[in-house]
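A.B. asks: After the structure tokens below, expect a handful of questions from me.
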Amino acid sequence: MPYQIIVCGGLAPDPLQTLEPVFDPARPSLKNELMLPAVFDPWAAHALYEAGHLARQHPGSVVRVVSLAPKAKLQQVMMTVAQKLPLELVALDGPGGGFTDAAAVAAALADAIAAMPDLDRSRLLLFGGWESATRGAGAVMQRVAERLGITEQFLAVDELSVEADGSLLVKERIEGGRHQISRCSSPPVMLAWATGNLPEPPNHPQTGMANMRVIMPALQKAKPVALEPAAEFLRTALPSVIRQTRVVKDVPAAEIAREIAEWIRQ
Amino acid sequence: MASSTSASPREHLQTLPGDDVRQVMWRFADRYDLQMLVQSTRAVARGPVARLVAEGGRHTHDWTPEKHALLKEFDAAGITAAYLEPEEGGFLEGPKNLALALIAFELAWVDAGAATCSLATHLGLAPIHERGTPEQRLHYMSLAAPAPDREPKRAAFALTEPIPYVGVETGMLGGKVRIAEWPEGGEPILEVSKRGRFITNMAFANFVTAAVDSDDPRIKGSCMVILEETDPGVFDRGTPTRKLVHQLSATNDPVFQLRVPASRIVGGYTVKDGVLIPNYDHGSIIEAVFRRTRVTVGLMTSAKLLSSIEPLIRYHRDRFRGSEAVSPGSPRYELGLQQKEDVTHRLIDIWAAGEASASLGFATARLFDQLDPIEREKDRVLAEQGVHGGMAAVKALRKRQHEALEFIEMQAHNAALRNEERFQRLAADPVIQYIVLDAQANVLCPATKLWNTGHGSVMMREAVSLMGGYGITEDCPGFLGYKWMDSQLEATYEGPEAVQRRQLSLTMTNEVFQAQFRNWIHEMRQIASIEPGTGACTLASAMHLWQWTLNHLQHATDSNGQKLYQSNRQGVTFPMADALCWLLAARCLILDVEHLRRHGAEVIQQGFRGTVDFLTDLCHVQAAHAAGQAARICTELVFGFLRHPSWDDDPQCAACCFNEPELRQIESVVPGASGFTGDYFREDGGHETKAGPCVRAPGLADFSRLRAKLDGCLAGALLAKDRAAESVQKVMIPAALDYPQ
């Protein structure tokens, strides 16, 4: 059965960047946020790779990415993401970063999905990240699903397989390193992915160029989205970094290792 | 309009220039195919390539399985196919010079050996691409295309390096071709003997394009032939070269003794009176090949310089962190070595050089992209007129040079002040456009190779020195020590520095280039009038001085009456070539920053002003450096071949010196005037304690005026450097280097 797989995914600053929260008059943001290199949110990226894998297994399936992010940034990120697998893009031009409200983001995403002209809910698999690398609330995907009337929802998904009868077998990550296995008879279904099992696909410029024929027009007509701040931020700060350095000489490696282990235990 | 004396507040650079800035500056913001190629190449460079370097892959000159594995990474990322046309298995439409330049830049950002490995495959294919028959092109290019079900065939390019003590000299090809069999009415079978040296990709190449000379009266001249590993005879890959650099590329000294059909002659052949005449001699093929591939080599060194900026800033800032004596928040903790002006100023010099060399290299790559289709169109037009290459084409082009000069002259004028119809007709004429662009390319290509690698290696040494002892360790972030050594090879291979200077000394005097250069001076003045802080005016003055000097040297003689500007007088021609390179690089940087200023605001949403202000200051710094170099060189050449006047040289002294009573008389009439009279004899016949009277060269008054003007034009350059250095202290950098990943 061919699926319509919709992957919701935003952007996150490149993990190596120095992140410094700043307060502007309207809301907090990250210093130089729009100048920092960005990546497709790693949690959503896992969902995307799983979507690509599933689409290859079920010919005729389509992968659509719905992304709410600053348009120019999204275009830069798509130069990499679009090389990974065949996909279509629905772009929403709005604020990124970690200080947007989950409910407002979910509403914008759900509206965009609902507005898709050829949406077939009987084949709809709604994918996204269980979490986000941008101070994620872990609530966006559930809210999107609720707004779309999708009641079959799975969180922290690590594996999805399609049974011979078309039912979906879903492994959700639970406490203690174990999985909860559920069977779902058919779409529509929402899966908020944990890490999945697939590696990042290699870049393939030919795939990217084919994708870009539809992605560039989508970026050009990205709908502007203004998210109303629903939360009031009183303070933001980076986790404090503790560094304790002691200069020693002539200490055996075993002794240094023992001391470090002890320090970590404290 | 802003004035040069206005002190408009400048913003600081907030983050290091990202892809969005580079795409605008280097003019591929509208090319998503290239943007994706950059990303896929970067992932290979900062992933598998960087990991291999970090794991010690460079410690052996042998071609190891780990190095070989990179080839598959190149295939998967589209790097191997980037050179190919879509019908051959490639994916990029149109000319590919900028694409290959970007690939080289991204790979060399991490390791230039990997870049060379990738580019050598393209180099091996280039003779076939540029001059091969349609059948050869389709066959070999398709073989070189990666496919899901088979590994691509890989190429190597075998020209010749001298092989000491075995009789292979630079002036010969080190390869011979003779006819082994020539069946009646059939195709001749050639016997090819070739000993190659320093042949890149030879450890794994499946076929080789080799330059050979005729050793048979039945073959005319030289040619290039395609040798396959399965051909009957000896296809000995030879011993690996024990090189100290670029160890991620395979370099061997192969030996070939093979029999191949004559259809392997690149570009085909004709038979006349029982003699096989190759359609292209090896010289015309490699000229077409190298004039493109040398640009990418130049950009490899640019990538090294720009890649060193982030690790250097991080090292300087973190230098004292961790010490109990340095508390967080203190200037020493926050800025580290950046508290010292010398550190930031030297970093700015490296940065400016890196930017300028990248601008020059990418401008040249774009120029070739522009030139390639025009060249084909020119060939078509000439062929229609019955002109088919060689000297006939040269003569045909020379006949139309005056029209090219007319076009260039008209370019400098406002559309309202010129015959627009005539201008548009010339602009649409492929022959005229070819003459104009070819004159540029013949200068920009060797300039890129020469300056980017030569000056780049000097600046890489500076970068390494700014890391202290760390710089020459394997642990140095960004592999700076390796990059420094690699840059020396880049200055050497594909034509060492002397070859580039030699080419420049010929091409830069081309009247068509000189006419364009005059327009460029005007262009810099125009930019300066709108953006005075760019250093464009300084550069224009330096360009004017250089052009005046070149014109002077072409007509002047030394004190012995020997002509100054002549082929064998490399003490004159080569320094002028060096000076030109400085000017061209600074110009390209200014043009790139101006392009960013005009077009960047649409796509760069934050920090645009700070980025442009910072880059503008770098332009000013680099323009001042270029002006200083050009002024020094020009002054040396203009005055250095004059004989210094002597006190014993009576006629000359009588002409230029006063005597003491004369001066007293002058002083009595015009008090203070004696201060302007120069040298004089005392009453006792003595004179000042120096070598002789000061040099007076009335014919050089214009030079002195231009030189004095240029000196004044340097005003503000070091203020720009101070501002840029302050930005370096404040710019936000990532928490860690993004390679190895």
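Each chain of the structure tokens is named A, B, ... in the order shown, its residues numbered from 1; ligands are numbered from 1 in display order.
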Counting only C-alpha atoms, what are the residues of chain A within 7 Å of chain B, and for each of them which pair of atoms is the nearest and at what distance in Å, to one decimal? Sort the table by chain and rising number, as a Markdown table.
C.D. replies:
| residue | atom | partner | partner_atom | distance |
| --- | --- | --- | --- | --- |
| A:Leu16 | CA | B:Ala735 | CA | 5.5 |
| A:Gln17 | CA | B:Pro734 | CA | 4.0 |
| A:Thr18 | CA | B:Pro734 | CA | 5.0 |
| A:Leu34 | CA | B:Gln606 | CA | 5.7 |
| A:Met35 | CA | B:Gln606 | CA | 6.0 |
| A:Pro37 | CA | B:Gly18 | CA | 7.0 |
| A:Ala72 | CA | B:Val603 | CA | 6.4 |
| A:Met79 | CA | B:Met36 | CA | 4.9 |
| A:Thr80 | CA | B:Gln39 | CA | 5.9 |
| A:Asn203 | CA | B:Ser40 | CA | 5.4 |
| A:His204 | CA | B:Ala77 | CA | 5.6 |
| A:Pro205 | CA | B:Gly78 | CA | 6.0 |
| A:Gln206 | CA | B:Phe91 | CA | 6.2 |
| A:Met209 | CA | B:Asp33 | CA | 6.1 |
| A:Thr245 | CA | B:Gly322 | CA | 5.7 |
A.B. asks: Could you pull out the residues in range 26-264 of chain A that DSSP calls helix (DSSP H, G or I) from the backbone, as a PyMOL selection string?
C.D. replies: chain A and resi 33-35+42-57+71-81+102-114+121-123+140-148+175-177+205-220+253-264
A.B. asks: Using only C-alpha atoms, which of the listed residues (B:Val728, B:Val621, B:Ile374, B:Met460) sits closest to Ala427 in chain B?
C.D. replies: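 Among the listed residues, the smallest separation from Ala427 in chain B belongs to B:Ile374.
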A.B. asks: What gap, in Å, lies between CA of Pro2 in chain A and CA of Val65 in chain A?
C.D. replies: 16.7 Å
A.B. asks: Here is a test: counting only C-alpha atoms, which residue of A:Leu36, A:Ile174, A:Val7, A:Val81 is nearest to Val62 in chain A?
C.D. replies: A:Val7
A.B. asks: Fewer than 6 positions away in the same chain doesn't count, so skip those; otherwise give me all residues within 8 Å of range 160-168 of chain A, counting only C-alpha atoms, as a ChimeraX atom specification.
C.D. replies: /A:1,183-186
A.B. asks: Next, dump the selected residues to file, keeping only N, CA and C atoms, as a PDB file, in the first residue's frame.
C.D. replies:
ATOM      1  N   MET A   1       0.844  -1.201   0.000  1.00  0.00           N
ATOM      2  CA  MET A   1       0.000   0.000   0.000  1.00  0.00           C
ATOM      3  C   MET A   1       0.883   1.258   0.000  1.00  0.00           C
ATOM      4  N   ARG A 183       0.238  -2.946  17.853  1.00  0.00           N
ATOM      5  CA  ARG A 183      -0.206  -3.198  16.496  1.00  0.00           C
ATOM      6  C   ARG A 183      -1.352  -2.228  16.181  1.00  0.00           C
ATOM      7  N   CYS A 184      -1.267  -1.626  15.044  1.00  0.00           N
ATOM      8  CA  CYS A 184      -2.279  -0.647  14.646  1.00  0.00           C
ATOM      9  C   CYS A 184      -2.823  -1.102  13.293  1.00  0.00           C
ATOM     10  N   SER A 185      -4.128  -1.190  13.173  1.00  0.00           N
ATOM     11  CA  SER A 185      -4.684  -1.841  11.983  1.00  0.00           C
ATOM     12  C   SER A 185      -4.397  -1.078  10.695  1.00  0.00           C
ATOM     13  N   SER A 186      -4.439   0.250  10.742  1.00  0.00           N
ATOM     14  CA  SER A 186      -4.239   0.999   9.488  1.00  0.00           C
ATOM     15  C   SER A 186      -4.035   2.473   9.783  1.00  0.00           C
TER      16      SER A 186
END
A.B. asks: Within 12 Å of Ile226 in chain B, counting only C-alpha atoms, which residues show up once you throw out same-chain ones fewer than 5 positions away? Write them as a PyMOL selection string, please.
C.D. replies: chain B and resi 124-128+132+136-137+139-140+155-158+177+190-192+194+205-212+231+256+258-268
A.B. asks: Restricting the calculation to only C-alpha atoms: of A:Pro188, A:Pro252, A:Pro21, A:Gly9, which residue gets closest to Pro239 in chain A?
C.D. replies: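 Answer, going by the shortest atom-to-atom distance: A:Pro21.
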A.B. asks: Could you list, as a PyMOL selection string, every residue within 9 Å of range 127-139 of chain A, counting only C-alpha atoms and ignoring same-chain residues fewer than 4 positions away?
C.D. replies: chain A and resi 5-13+15+41-48+50-51+96-99+101-103+106+143-144+155-157+189-195
A.B. asks: At a cut-off of 8 Å, using only C-alpha atoms, what residues contact Tyr3 in chain A? Leave out same-chain residues fewer than 4 positions from it and give the result as a list of chain:residue names.
C.D. replies: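 Counting only the stated atoms, we get A:Ala55, A:His58, A:Gly60, A:Ser61, A:Val62, A:Arg123, A:Leu124, A:Leu125.
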A.B. asks: Show which residues sit within 9 Å of range 310-320 of chain B, as a ChimeraX atom specification. Count only C-alpha atoms, and ignore same-chain residues fewer than 4 positions away.
C.D. replies: /B:16,306,325-326,332-339,343-344,347,463-464,466-467,476-478,480,728-729,733-737
